Structures are given as C-alpha cells and as structure tokens.
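**Student:** Provided below: model_3.cif, containing mmCIF, C-alpha atoms.
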```cif
data_my_file
#
loop_
_atom_site.group_PDB
_atom_site.id
_atom_site.type_symbol
_atom_site.label_atom_id
_atom_site.label_comp_id
_atom_site.auth_asym_id
_atom_site.auth_seq_id
_atom_site.Cartn_x
_atom_site.Cartn_y
_atom_site.Cartn_z
ATOM 1 C CA MET A 1 0.000 0.000 0.000
ATOM 2 C CA ASN A 2 2.841 2.360 0.877
ATOM 3 C CA ARG A 3 4.573 1.547 -2.426
ATOM 4 C CA THR A 4 1.412 2.335 -4.384
ATOM 5 C CA LEU A 5 0.985 5.639 -2.571
ATOM 6 C CA LEU A 6 4.640 6.515 -3.141
ATOM 7 C CA ALA A 7 4.432 5.633 -6.831
ATOM 8 C CA ALA A 8 1.259 7.714 -7.255
ATOM 9 C CA SER A 9 2.896 10.691 -5.507
ATOM 10 C CA LEU A 10 5.987 10.493 -7.720
ATOM 11 C CA LEU A 11 3.841 10.241 -10.854
ATOM 12 C CA PHE A 12 1.842 13.312 -9.751
ATOM 13 C CA LEU A 13 5.004 15.318 -9.043
ATOM 14 C CA ALA A 14 6.507 14.354 -12.397
ATOM 15 C CA THR A 15 3.431 15.492 -14.328
ATOM 16 C CA THR A 16 3.151 18.798 -12.474
ATOM 17 C CA ALA A 17 6.850 19.524 -12.970
ATOM 18 C CA CYS A 18 6.396 19.317 -16.720
ATOM 19 C CA SER A 19 3.314 21.549 -16.814
ATOM 20 C CA GLU A 20 3.478 25.172 -17.883
ATOM 21 C CA SER A 21 3.458 27.632 -15.003
ATOM 22 C CA THR A 22 1.747 31.007 -14.994
ATOM 23 C CA GLN A 23 2.080 33.957 -12.703
ATOM 24 C CA VAL A 24 -0.793 35.690 -10.960
ATOM 25 C CA SER A 25 0.052 38.916 -12.780
ATOM 26 C CA ASP A 26 -0.592 37.119 -16.105
ATOM 27 C CA ASP A 27 -4.065 36.097 -14.989
ATOM 28 C CA LEU A 28 -4.929 39.417 -13.359
ATOM 29 C CA PRO A 29 -3.349 42.193 -15.437
ATOM 30 C CA GLU A 30 -4.978 44.976 -13.416
ATOM 31 C CA SER A 31 -4.141 43.548 -10.000
ATOM 32 C CA SER A 32 -0.960 45.599 -9.582
ATOM 33 C CA ALA A 33 -2.860 48.810 -10.361
ATOM 34 C CA TYR A 34 -5.386 47.905 -7.666
ATOM 35 C CA LEU A 35 -2.654 47.346 -5.083
ATOM 36 C CA GLU A 36 -1.116 50.737 -5.848
ATOM 37 C CA ASN A 37 -4.449 52.594 -5.614
ATOM 38 C CA PRO A 38 -7.226 50.451 -4.074
ATOM 39 C CA THR A 39 -9.766 53.303 -3.822
ATOM 40 C CA GLY A 40 -9.315 54.439 -7.420
ATOM 41 C CA ARG A 41 -9.056 58.069 -6.282
ATOM 42 C CA THR A 42 -6.553 60.434 -7.778
ATOM 43 C CA GLU A 43 -5.017 63.120 -5.629
ATOM 44 C CA ARG A 44 -4.950 66.762 -6.583
ATOM 45 C CA VAL A 45 -1.718 67.959 -8.108
ATOM 46 C CA GLU A 46 -0.673 71.181 -6.421
ATOM 47 C CA ALA A 47 1.136 73.878 -8.366
ATOM 48 C CA ASP A 48 3.345 74.716 -5.376
ATOM 49 C CA PRO A 49 5.911 71.949 -4.717
ATOM 50 C CA SER A 50 6.065 72.929 -1.034
ATOM 51 C CA ALA A 51 2.280 72.567 -0.634
ATOM 52 C CA LYS A 52 1.094 70.207 2.090
ATOM 53 C CA PRO A 53 -2.329 68.652 1.475
ATOM 54 C CA VAL A 54 -4.931 68.633 4.236
ATOM 55 C CA ARG A 55 -5.404 65.144 5.705
ATOM 56 C CA ILE A 56 -8.808 63.797 6.691
ATOM 57 C CA GLY A 57 -9.758 60.769 8.770
ATOM 58 C CA GLU A 58 -7.106 61.300 11.424
ATOM 59 C CA GLY A 59 -9.525 60.349 14.214
ATOM 60 C CA GLY A 60 -10.013 56.869 12.786
ATOM 61 C CA PRO A 61 -12.928 55.094 11.094
ATOM 62 C CA ARG A 62 -15.361 55.686 13.973
ATOM 63 C CA PHE A 63 -15.189 59.486 13.812
ATOM 64 C CA ASP A 64 -16.084 62.096 11.206
ATOM 65 C CA ALA A 65 -13.406 62.778 8.594
ATOM 66 C CA CYS A 66 -13.050 66.284 10.055
ATOM 67 C CA GLN A 67 -13.756 66.228 13.769
ATOM 68 C CA SER A 68 -14.218 69.947 14.454
ATOM 69 C CA ALA A 69 -16.040 72.920 13.035
ATOM 70 C CA GLY A 70 -15.010 76.526 13.386
ATOM 71 C CA GLU A 71 -15.836 80.056 12.377
ATOM 72 C CA VAL A 72 -13.379 82.560 10.973
ATOM 73 C CA GLY A 73 -12.734 85.381 13.438
ATOM 74 C CA ARG A 74 -11.500 88.913 12.818
ATOM 75 C CA HIS A 75 -8.144 89.218 11.081
ATOM 76 C CA VAL A 76 -5.953 92.336 11.010
ATOM 77 C CA SER A 77 -6.077 92.474 7.192
ATOM 78 C CA GLY A 78 -9.862 92.058 7.069
ATOM 79 C CA SER A 79 -9.773 88.557 5.610
ATOM 80 C CA LEU A 80 -7.988 85.424 6.774
ATOM 81 C CA PRO A 81 -5.441 84.122 4.247
ATOM 82 C CA VAL A 82 -5.635 80.427 3.318
ATOM 83 C CA LEU A 83 -2.165 79.034 2.615
ATOM 84 C CA SER A 84 -0.958 75.959 0.733
ATOM 85 C CA ALA A 85 1.133 74.720 3.693
ATOM 86 C CA PRO A 86 1.349 75.328 7.459
ATOM 87 C CA PHE A 87 4.005 78.051 7.503
ATOM 88 C CA ASP A 88 4.082 81.828 6.942
ATOM 89 C CA ALA A 89 6.095 81.734 3.705
ATOM 90 C CA ALA A 90 3.672 79.335 1.962
ATOM 91 C CA GLU A 91 1.748 80.442 -1.115
ATOM 92 C CA LYS A 92 -1.573 82.222 -0.449
ATOM 93 C CA ILE A 93 -4.308 80.314 -2.292
ATOM 94 C CA ASP A 94 -7.469 82.023 -1.018
ATOM 95 C CA SER A 95 -8.884 84.207 1.733
ATOM 96 C CA LEU A 96 -11.856 83.856 4.061
ATOM 97 C CA SER A 97 -14.019 86.565 5.542
ATOM 98 C CA ALA A 98 -15.049 86.808 9.199
ATOM 99 C CA GLY A 99 -17.972 84.598 10.150
ATOM 100 C CA GLN A 100 -17.395 81.942 7.488
ATOM 101 C CA THR A 101 -17.867 78.348 8.669
ATOM 102 C CA ILE A 102 -15.011 75.886 8.142
ATOM 103 C CA HIS A 103 -14.283 72.209 8.877
ATOM 104 C CA ILE A 104 -11.105 71.658 10.908
ATOM 105 C CA CYS A 105 -9.568 68.385 9.773
ATOM 106 C CA THR A 106 -5.997 68.404 11.033
ATOM 107 C CA ARG A 107 -3.510 70.519 12.968
ATOM 108 C CA SER A 108 0.178 71.236 12.689
ATOM 109 C CA ILE A 109 2.457 69.670 15.295
ATOM 110 C CA ASP A 110 2.869 73.011 17.085
ATOM 111 C CA GLN A 111 -0.943 73.624 16.980
ATOM 112 C CA GLN A 112 -0.352 76.998 15.275
ATOM 113 C CA TRP A 113 -2.063 75.957 12.014
ATOM 114 C CA PHE A 114 -5.358 74.265 11.165
ATOM 115 C CA GLY A 115 -5.794 72.171 8.037
ATOM 116 C CA ILE A 116 -9.287 73.141 6.909
ATOM 117 C CA VAL A 117 -11.929 72.269 4.339
ATOM 118 C CA TYR A 118 -14.416 74.936 3.351
ATOM 119 C CA ASP A 119 -17.153 75.712 0.883
ATOM 120 C CA GLN A 120 -16.535 79.117 -0.684
ATOM 121 C CA SER A 121 -20.272 79.550 -1.334
ATOM 122 C CA SER A 122 -20.915 79.554 2.447
ATOM 123 C CA ASP A 123 -19.174 82.940 2.741
ATOM 124 C CA PRO A 124 -21.586 85.207 4.698
ATOM 125 C CA ALA A 125 -20.332 88.260 2.780
ATOM 126 C CA ASP A 126 -21.343 86.650 -0.547
ATOM 127 C CA GLU A 127 -24.950 87.706 -1.188
ATOM 128 C CA GLU A 128 -25.289 85.389 -4.182
ATOM 129 C CA ALA A 129 -24.211 82.333 -2.202
ATOM 130 C CA GLY A 130 -26.229 79.290 -3.121
ATOM 131 C CA THR A 131 -26.963 76.180 -1.163
ATOM 132 C CA PRO A 132 -23.868 74.985 0.713
ATOM 133 C CA ILE A 133 -22.049 72.051 -0.869
ATOM 134 C CA ASP A 134 -21.631 68.824 1.113
ATOM 135 C CA CYS A 135 -17.844 68.642 1.434
ATOM 136 C CA GLY A 136 -17.920 64.952 2.380
ATOM 137 C CA VAL A 137 -16.155 65.409 5.718
ATOM 138 C CA SER A 138 -19.113 65.085 8.112
ATOM 139 C CA SER A 139 -19.077 61.294 8.057
ATOM 140 C CA PRO A 140 -16.322 58.730 8.704
ATOM 141 C CA VAL A 141 -13.772 57.583 6.121
ATOM 142 C CA ARG A 142 -12.065 54.185 6.253
ATOM 143 C CA ALA A 143 -8.487 55.431 6.405
ATOM 144 C CA LYS A 144 -6.425 58.599 6.672
ATOM 145 C CA ARG A 145 -5.932 60.274 3.309
ATOM 146 C CA ASN A 146 -5.437 63.604 1.616
ATOM 147 C CA TYR A 147 -8.637 65.563 1.029
ATOM 148 C CA ASP A 148 -9.565 65.485 -2.665
ATOM 149 C CA GLY A 149 -12.704 67.600 -2.999
ATOM 150 C CA PRO A 150 -15.327 68.755 -3.892
ATOM 151 C CA CYS A 151 -14.688 71.732 -1.585
ATOM 152 C CA LYS A 152 -11.526 73.775 -1.184
ATOM 153 C CA SER A 153 -8.867 73.065 1.416
ATOM 154 C CA GLY A 154 -5.810 74.765 2.873
ATOM 155 C CA TRP A 155 -4.098 75.965 6.033
ATOM 156 C CA VAL A 156 -5.025 78.901 8.302
ATOM 157 C CA GLU A 157 -3.572 80.282 11.525
ATOM 158 C CA SER A 158 -5.431 78.742 14.461
ATOM 159 C CA THR A 159 -5.420 82.038 16.378
ATOM 160 C CA TYR A 160 -8.057 83.476 14.027
ATOM 161 C CA VAL A 161 -10.471 80.555 14.235
ATOM 162 C CA VAL A 162 -13.192 80.234 16.868
ATOM 163 C CA LEU A 163 -14.116 76.586 17.590
ATOM 164 C CA VAL A 164 -17.848 75.984 17.232
ATOM 165 C CA ALA A 165 -18.080 72.191 17.569
ATOM 166 C CA GLY A 166 -15.694 69.329 18.268
#
```
Take the structure from the file and write it as structure tokens.
**Tutor:**
Amino acid sequence: MNRTLLAASLLFLATTACSESTQVSDDLPESSAYLENPTGRTERVEADPSAKPVRIGEGGPRFDACQSAGEVGRHVSGSLPVLSAPFDAAEKIDSLSAGQTIHICTRSIDQQWFGIVYDQSSDPADEEAGTPIDCGVSSPVRAKRNYDGPCKSGWVESTYVVLVAG
C-alpha cells in the first residue's frame, strides 16, 4: 500500500513539474494597479511643490473625517489668508471673511495651524451664495488620506479661528 501511494505521488510530481506555469500577474493584469491605488481616487496635483495637502480621517474610522467645526474670526487684514502649507512663507491660495464656517480636519504639530476644508459659497459676505455644498467630511472615512474635494482646502492660523463644535 505504501509503495502504491509513493508511486502515485511520484507520478503526480513528475506530471506537475512538466506543466506550464503562470504567474498571478498574467491572470490578473490589473491587480498591480489595484494594489497601488485600491480606492481608485486620484489626488490633486498642487502647483506649489512645497504645498502640504490637508489630511482627513485622522480620528479613525469611527469618527467624522473632520472632527471639528469653526468660524473665521476677525483678522488684522480684514480677511484670513488660506495658505498651501502650514508656515508663513507658503503660497496664499485664497482668503476667508469673518464669520465663514469651516471644517477643521488636522492641525500642525505646534498647533499653530489648522488644516481646513471649506465651501466658498458659504461665505456670509457673498450675497449670491447658493446652497452649501456637502464637502464629504461630516461622516467617517475608512483610512487617513489627503482631502480630494469637492470643496476647497488649505491651512489657516489657528489664532483666528473660533471653535464651534468638536
């Protein structure tokens, strides 16, 4: 019985050794693309090479993508500059007027800067503002990632933001 089992095993190994082998990548040509980008999202390409994107989902999958809400306070220049990165020399990409509502998604290590997401049409100074856009940050996301729209994002000095919720 043992000889029969041994002979059958050797015959099986000999036939499989002669068979043609294939790789998984041959059978699944798009599998490597999925591993590189499983969500299929493309990130925004910033014009400024020193720009730092705003990250969402830092609280984990049980919390909203942006955990706090704030309101722009008074700024010495009249409007709060939105920068492309959390430092003074970064490129100015927009400005916000006092009273505008923003989502606070992340903070700099020194807590001096907030990474925010905002809907420009929610500007209280804009009389033609339409219905606010859902920025997609009021519900949880599966993993931390860079914010990719539909609203605008950037960095503001935390001193000029009044926390409203969170």
**Student:** Which one of A:Ile109, A:His103, A:Glu91, A:Leu5 sits closest to A:Gly136 if you count all atoms listed in the file?
**Tutor:** A:His103
**Student:** Which residues match the PyMOL selection byres ((chain A and resi 152) around 8) in the file above, as a PyMOL selection string?
**Tutor:** chain A and resi 117-120+149-151+153-154
**Student:** Using the chain letters and residue numbers of this document, give as a ChimeraX atom specification the residues selected by the PyMOL selection byres ((chain A and resi 143-148) around 6).
**Tutor:** /A:43,53-58,141-142,149
**Student:** Using atom CA of A:Ser138 and atom CA of A:Gly59 as the two end points, give the distance in Å to one decimal.
**Tutor:**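 Going from atom CA of A:Ser138 over to atom CA of A:Gly59 covers 12.3 Å.
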**Student:** Work out how far atom CA of A:Ser97 is from atom CA of A:Leu80, in Å to one decimal.
**Tutor:**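 Between atom CA of A:Leu80 and atom CA of A:Ser97 the gap is 6.3 Å.
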**Student:** Report as a list in words the full result of the PyMOL selection byres ((chain A and resi 86) around 7) when it is applied to this structure.
**Tutor:**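 In the shown coordinates, the PyMOL selection byres ((chain A and resi 86) around 7) covers Ala85, Phe87, Ser108, Trp113 and Trp155 of chain A.
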**Student:** Restrict the selected residues to C-alpha atoms and save them as a PDB file, in the coordinates of the input.
**Tutor:**
```pdb
ATOM      1  CA  ALA A  85       1.133  74.720   3.693  1.00  0.00           C
ATOM      2  CA  PHE A  87       4.005  78.051   7.503  1.00  0.00           C
ATOM      3  CA  SER A 108       0.178  71.236  12.689  1.00  0.00           C
ATOM      4  CA  TRP A 113      -2.063  75.957  12.014  1.00  0.00           C
ATOM      5  CA  TRP A 155      -4.098  75.965   6.033  1.00  0.00           C
TER       6      TRP A 155
END
```
**Student:** In Å, with one decimal, what is the gap from atom CA of A:Ile104 to atom CA of A:Ala89?
**Tutor:**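 Separation between atom CA of A:Ile104 and atom CA of A:Ala89: 21.2 Å.
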**Student:** Build an axis-aligned box that encloses every atom of stretch 140-149 of chain A listed in the file, pad it by 4 Å on each side, and report its centre and edge lengths in Å to one decimal, as lines of an AutoDock Vina configuration file.
**Tutor:**
```
center_x = -10.9
center_y = 60.9
center_z = 2.9
size_x = 18.9
size_y = 21.4
size_z = 19.7
```
